[in-house]
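One structure is given below, encoded as structure tokens.
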Amino acid sequence: MTDSQLPPRGWYPDPGKTKAWRWWDGEAWSSELHPYIPLSRTVTREQRAQEVRTGSRLLRLGLLFFFLSAILAATLRIVDINWMASMWHWIRQAYSLAAQGKSSSSLPRPPARAAWSSELSTLVVLPLELVALVFTLTFQYRSATVAKNLGLRTRLTPAVGVVGWFLPLANFVMPLMAWLDLLPQRHPRRLLIWLAWALLGISELLTIGIFAVAGNSAPLAGLLSLVQVFGFLGGLASIRLAITAVLSEHGVGALSAGIPADETGLTL
């Protein structure tokens, strides 16, 4: 068999005739078997269909909403550069007085943001982010349910994985754990989830840096805003590939439950 005739990388029924699946790396069979076998609590057609519907919605709308909110937020930060500089200066003054044990009552009122900018952020950016987050959590819950019923190692229940997004400090780790568990432990696309989490996390932290440098260098604040946008884009591109891999991987697993790959109507 020539290289052009070899099957693509992926999970296939074990040629050793076990009831599990074995990973083909494109050149050879790995030693790892995957528990895609009929379980006492197996995935159902409805669960798989719900996963595909929510995954398609996240890919087509959710990620677009995240992208639009990131672009709008970065644009507003550049427009509000003078307000950010004044706000950072006010915060530093308040901190200095508090460190000296003095009252901050002598400080003027905090600088006010332009009304139109504040309304755009509240009425457009925030709703886009909230809707996209709902799409993300819905897909995560549906996909985690399928992963658990397929027999993948899951450290969190589907519900706990969703709640983890809202727990202080724990939300730095639990959502990442929940997403990693959507794929087998040695699946190559798990690296994309790590990459997306890192890029999105760094991009969020850059907001603090933009505020910090706004008072000293408007061009640097603008540059950081641009870097932040590219970080978000890289994170969204990575998570898009990861979502596609999860849907494809679970489609392979669903075959073991007797659900044909084309039954869900998945088109990406």
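Starting from 1 in every chain, residues are counted up; chains themselves are A, B, ... following the order of the structure tokens, and ligands are numbered from 1 as listed.
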How close does range 229-255 of chain A get to range 15-30 of chain A? List, as JSON lines, each residue of range 229-255 of chain A within 12 Å, its nearest atom pair and the distance in Å to one decimal, counting only C-alpha atoms.
{"residue": "A:Glu249", "atom": "CA", "partner": "A:Trp23", "partner_atom": "CA", "distance": 11.5}
{"residue": "A:Val252", "atom": "CA", "partner": "A:Trp21", "partner_atom": "CA", "distance": 9.6}
{"residue": "A:Gly253", "atom": "CA", "partner": "A:Trp21", "partner_atom": "CA", "distance": 8.8}
{"residue": "A:Ala254", "atom": "CA", "partner": "A:Trp21", "partner_atom": "CA", "distance": 11.9}
{"residue": "A:Leu255", "atom": "CA", "partner": "A:Trp21", "partner_atom": "CA", "distance": 10.9}
Backbone-only DSSP, helix (DSSP H, G or I) members of range 126-189 of chain A, as a PyMOL selection string: chain A and resi 126-150+158-166+170-172+174-180
For the selection just defined, write its residues with N, CA and C atoms to a file, as a CSV table (one decimal), in the first residue's frame.
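Result went into out_39.csv, see below:
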chain,number,residue,atom,x,y,z
A,126,LEU,N,-21.8,44.3,25.3
A,126,LEU,CA,-22.1,43.3,26.4
A,126,LEU,C,-23.2,42.3,25.9
A,127,PRO,N,-24.3,42.7,25.3
A,127,PRO,CA,-25.2,41.7,24.8
A,127,PRO,C,-24.6,40.7,23.8
A,128,LEU,N,-23.7,41.1,22.9
A,128,LEU,CA,-23.0,40.2,22.0
A,128,LEU,C,-22.2,39.2,22.8
A,129,GLU,N,-21.5,39.6,23.8
A,129,GLU,CA,-20.7,38.7,24.6
A,129,GLU,C,-21.6,37.7,25.4
A,130,LEU,N,-22.7,38.2,25.9
A,130,LEU,CA,-23.6,37.3,26.7
A,130,LEU,C,-24.2,36.3,25.8
A,131,VAL,N,-24.7,36.6,24.7
A,131,VAL,CA,-25.3,35.7,23.8
A,131,VAL,C,-24.3,34.6,23.3
A,132,ALA,N,-23.1,35.1,23.0
A,132,ALA,CA,-22.0,34.2,22.6
A,132,ALA,C,-21.7,33.2,23.7
A,133,LEU,N,-21.7,33.7,24.9
A,133,LEU,CA,-21.4,32.9,26.1
A,133,LEU,C,-22.4,31.8,26.3
A,134,VAL,N,-23.7,32.2,26.1
A,134,VAL,CA,-24.8,31.2,26.2
A,134,VAL,C,-24.6,30.1,25.2
A,135,PHE,N,-24.3,30.5,24.0
A,135,PHE,CA,-24.1,29.5,22.9
A,135,PHE,C,-22.9,28.6,23.3
A,136,THR,N,-21.9,29.1,23.9
A,136,THR,CA,-20.7,28.4,24.3
A,136,THR,C,-21.0,27.4,25.4
A,137,LEU,N,-21.7,27.8,26.4
A,137,LEU,CA,-22.1,27.0,27.5
A,137,LEU,C,-23.1,25.9,27.1
A,138,THR,N,-24.0,26.2,26.2
A,138,THR,CA,-25.0,25.2,25.8
A,138,THR,C,-24.3,24.1,25.0
A,139,PHE,N,-23.4,24.5,24.1
A,139,PHE,CA,-22.6,23.5,23.4
A,139,PHE,C,-21.7,22.7,24.3
A,140,GLN,N,-21.1,23.3,25.3
A,140,GLN,CA,-20.2,22.6,26.2
A,140,GLN,C,-21.0,21.6,27.0
A,141,TYR,N,-22.2,21.9,27.4
A,141,TYR,CA,-23.0,21.0,28.2
A,141,TYR,C,-23.5,19.8,27.3
A,142,ARG,N,-24.0,20.1,26.1
A,142,ARG,CA,-24.4,19.0,25.2
A,142,ARG,C,-23.3,18.1,24.8
A,143,SER,N,-22.1,18.7,24.5
A,143,SER,CA,-21.0,17.9,24.1
A,143,SER,C,-20.4,17.1,25.3
A,144,ALA,N,-20.4,17.7,26.5
A,144,ALA,CA,-19.9,16.9,27.6
A,144,ALA,C,-20.8,15.7,27.9
A,145,THR,N,-22.1,15.9,27.7
A,145,THR,CA,-23.0,14.8,27.9
A,145,THR,C,-22.7,13.6,27.0
A,146,VAL,N,-22.5,14.0,25.7
A,146,VAL,CA,-22.1,13.0,24.7
A,146,VAL,C,-20.8,12.3,25.0
A,147,ALA,N,-19.8,13.1,25.4
A,147,ALA,CA,-18.5,12.6,25.8
A,147,ALA,C,-18.6,11.6,26.9
A,148,LYS,N,-19.3,12.0,27.9
A,148,LYS,CA,-19.5,11.1,29.1
A,148,LYS,C,-20.1,9.8,28.7
A,149,ASN,N,-21.2,9.8,27.9
A,149,ASN,CA,-21.9,8.6,27.5
A,149,ASN,C,-21.1,7.8,26.5
A,150,LEU,N,-20.2,8.4,25.8
A,150,LEU,CA,-19.3,7.6,24.9
A,150,LEU,C,-18.2,6.8,25.7
A,158,PRO,N,-21.3,17.3,33.3
A,158,PRO,CA,-21.7,18.4,32.3
A,158,PRO,C,-22.1,19.7,33.1
A,159,ALA,N,-23.0,19.5,34.1
A,159,ALA,CA,-23.5,20.7,34.8
A,159,ALA,C,-22.4,21.4,35.6
A,160,VAL,N,-21.5,20.6,36.3
A,160,VAL,CA,-20.5,21.2,37.1
A,160,VAL,C,-19.5,22.0,36.1
A,161,GLY,N,-19.3,21.5,34.9
A,161,GLY,CA,-18.4,22.1,34.0
A,161,GLY,C,-18.9,23.5,33.6
A,162,VAL,N,-20.3,23.6,33.5
A,162,VAL,CA,-20.9,24.9,33.2
A,162,VAL,C,-20.8,25.8,34.4
A,163,VAL,N,-21.1,25.3,35.5
A,163,VAL,CA,-21.1,26.2,36.8
A,163,VAL,C,-19.7,26.7,37.0
A,164,GLY,N,-18.7,25.9,36.6
A,164,GLY,CA,-17.3,26.3,36.9
A,164,GLY,C,-16.9,27.6,36.3
A,165,TRP,N,-17.6,28.1,35.2
A,165,TRP,CA,-17.3,29.4,34.6
A,165,TRP,C,-17.6,30.5,35.5
A,166,PHE,N,-18.5,30.3,36.5
A,166,PHE,CA,-18.9,31.4,37.3
A,166,PHE,C,-18.4,31.4,38.8
A,170,ALA,N,-11.8,29.4,40.5
A,170,ALA,CA,-12.0,28.1,39.9
A,170,ALA,C,-12.2,28.3,38.4
A,171,ASN,N,-12.7,29.5,38.0
A,171,ASN,CA,-13.0,29.7,36.5
A,171,ASN,C,-11.8,29.9,35.7
A,172,PHE,N,-10.6,29.9,36.4
A,172,PHE,CA,-9.3,29.9,35.6
A,172,PHE,C,-9.0,28.5,35.2
A,174,MET,N,-11.5,25.3,35.7
A,174,MET,CA,-12.6,24.3,35.5
A,174,MET,C,-13.1,24.4,34.0
A,175,PRO,N,-13.3,25.5,33.4
A,175,PRO,CA,-13.7,25.5,32.0
A,175,PRO,C,-12.7,24.8,31.1
A,176,LEU,N,-11.4,25.1,31.4
A,176,LEU,CA,-10.4,24.4,30.6
A,176,LEU,C,-10.5,22.9,30.7
A,177,MET,N,-10.6,22.4,31.9
A,177,MET,CA,-10.8,21.0,32.2
A,177,MET,C,-12.0,20.4,31.4
A,178,ALA,N,-13.1,21.1,31.5
A,178,ALA,CA,-14.3,20.7,30.9
A,178,ALA,C,-14.1,20.5,29.4
A,179,TRP,N,-13.4,21.5,28.7
A,179,TRP,CA,-13.2,21.4,27.3
A,179,TRP,C,-12.2,20.4,26.9
A,180,LEU,N,-11.2,20.2,27.7
A,180,LEU,CA,-10.2,19.2,27.4
A,180,LEU,C,-10.8,17.8,27.4
Pick the closest to Leu226 in chain A from A:Ile81, A:Ala74, A:Leu167, A:Val213: which is it, counting only C-alpha atoms?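 Comparing A:Ile81, A:Ala74, A:Leu167, A:Val213 against Leu226 in chain A, the winner is A:Ala74.
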So how far away is CA of Ile202 in chain A from CA of Gly231 in chain A, in Å? 7.5 Å
Counting only C-alpha atoms, the residue among A:Leu182, A:Leu223, A:Leu120, A:Ala212 that lies closest to Met87 in chain A is A:Ala212
Would you please work out which residue, of A:Leu236, A:Ala242, A:Ala214, A:Met84, is nearest to Ile193 in chain A when using only C-alpha atoms? A:Ala242
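The closest residue to Val52 in chain A, picked from A:Leu247, A:Ala221, A:Ala112, A:Ile259 and counting only C-alpha atoms, is A:Leu247.
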Among listed residues A:Gly251, A:Ala73, A:Ala115, A:Asp14, nearest Ser225 in chain A (using only C-alpha atoms): A:Ala73
Identify which of the residues A:Ser31, A:Asn216, A:Ser56, A:Gln50 lies closest to Trp88 in chain A, counting only C-alpha atoms when measuring atom-to-atom distances. A:Asn216
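Here CA of Ile78 in chain A is placed at a distance of 11.9 Å from CA of Ser217 in chain A.
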Tell me, as a PyMOL selection string, which residues lie within 8 Å of Asp80 in chain A, counting only C-alpha atoms; anything in the same chain fewer than 3 positions away does not count. chain A and resi 76-77+83-84+113-114+117
Next, write the just-selected residues to a file, as a CSV table (one decimal), in the first residue's frame, keeping N, CA and C atoms as the atom set.
chain,number,residue,atom,x,y,z
A,76,LEU,N,-13.5,51.0,20.9
A,76,LEU,CA,-14.0,51.9,22.0
A,76,LEU,C,-12.8,52.2,22.9
A,77,ARG,N,-11.9,51.3,23.2
A,77,ARG,CA,-10.8,51.6,24.0
A,77,ARG,C,-9.9,52.6,23.4
A,83,TRP,N,-10.1,59.2,28.3
A,83,TRP,CA,-10.8,58.9,29.5
A,83,TRP,C,-10.1,57.8,30.3
A,84,MET,N,-9.5,56.8,29.6
A,84,MET,CA,-8.7,55.8,30.4
A,84,MET,C,-7.5,56.4,31.1
A,113,ARG,N,-17.0,58.7,31.5
A,113,ARG,CA,-16.9,58.3,30.1
A,113,ARG,C,-17.9,58.9,29.2
A,114,ALA,N,-17.6,59.1,28.0
A,114,ALA,CA,-18.5,59.7,27.0
A,114,ALA,C,-19.8,58.8,27.0
A,117,SER,N,-20.3,56.3,24.2
A,117,SER,CA,-19.4,55.2,24.2
A,117,SER,C,-19.8,54.2,25.3
Rounded to one decimal, what separation in Å do you get between CA of Thr244 in chain A and CA of Gly55 in chain A? 8.2 Å
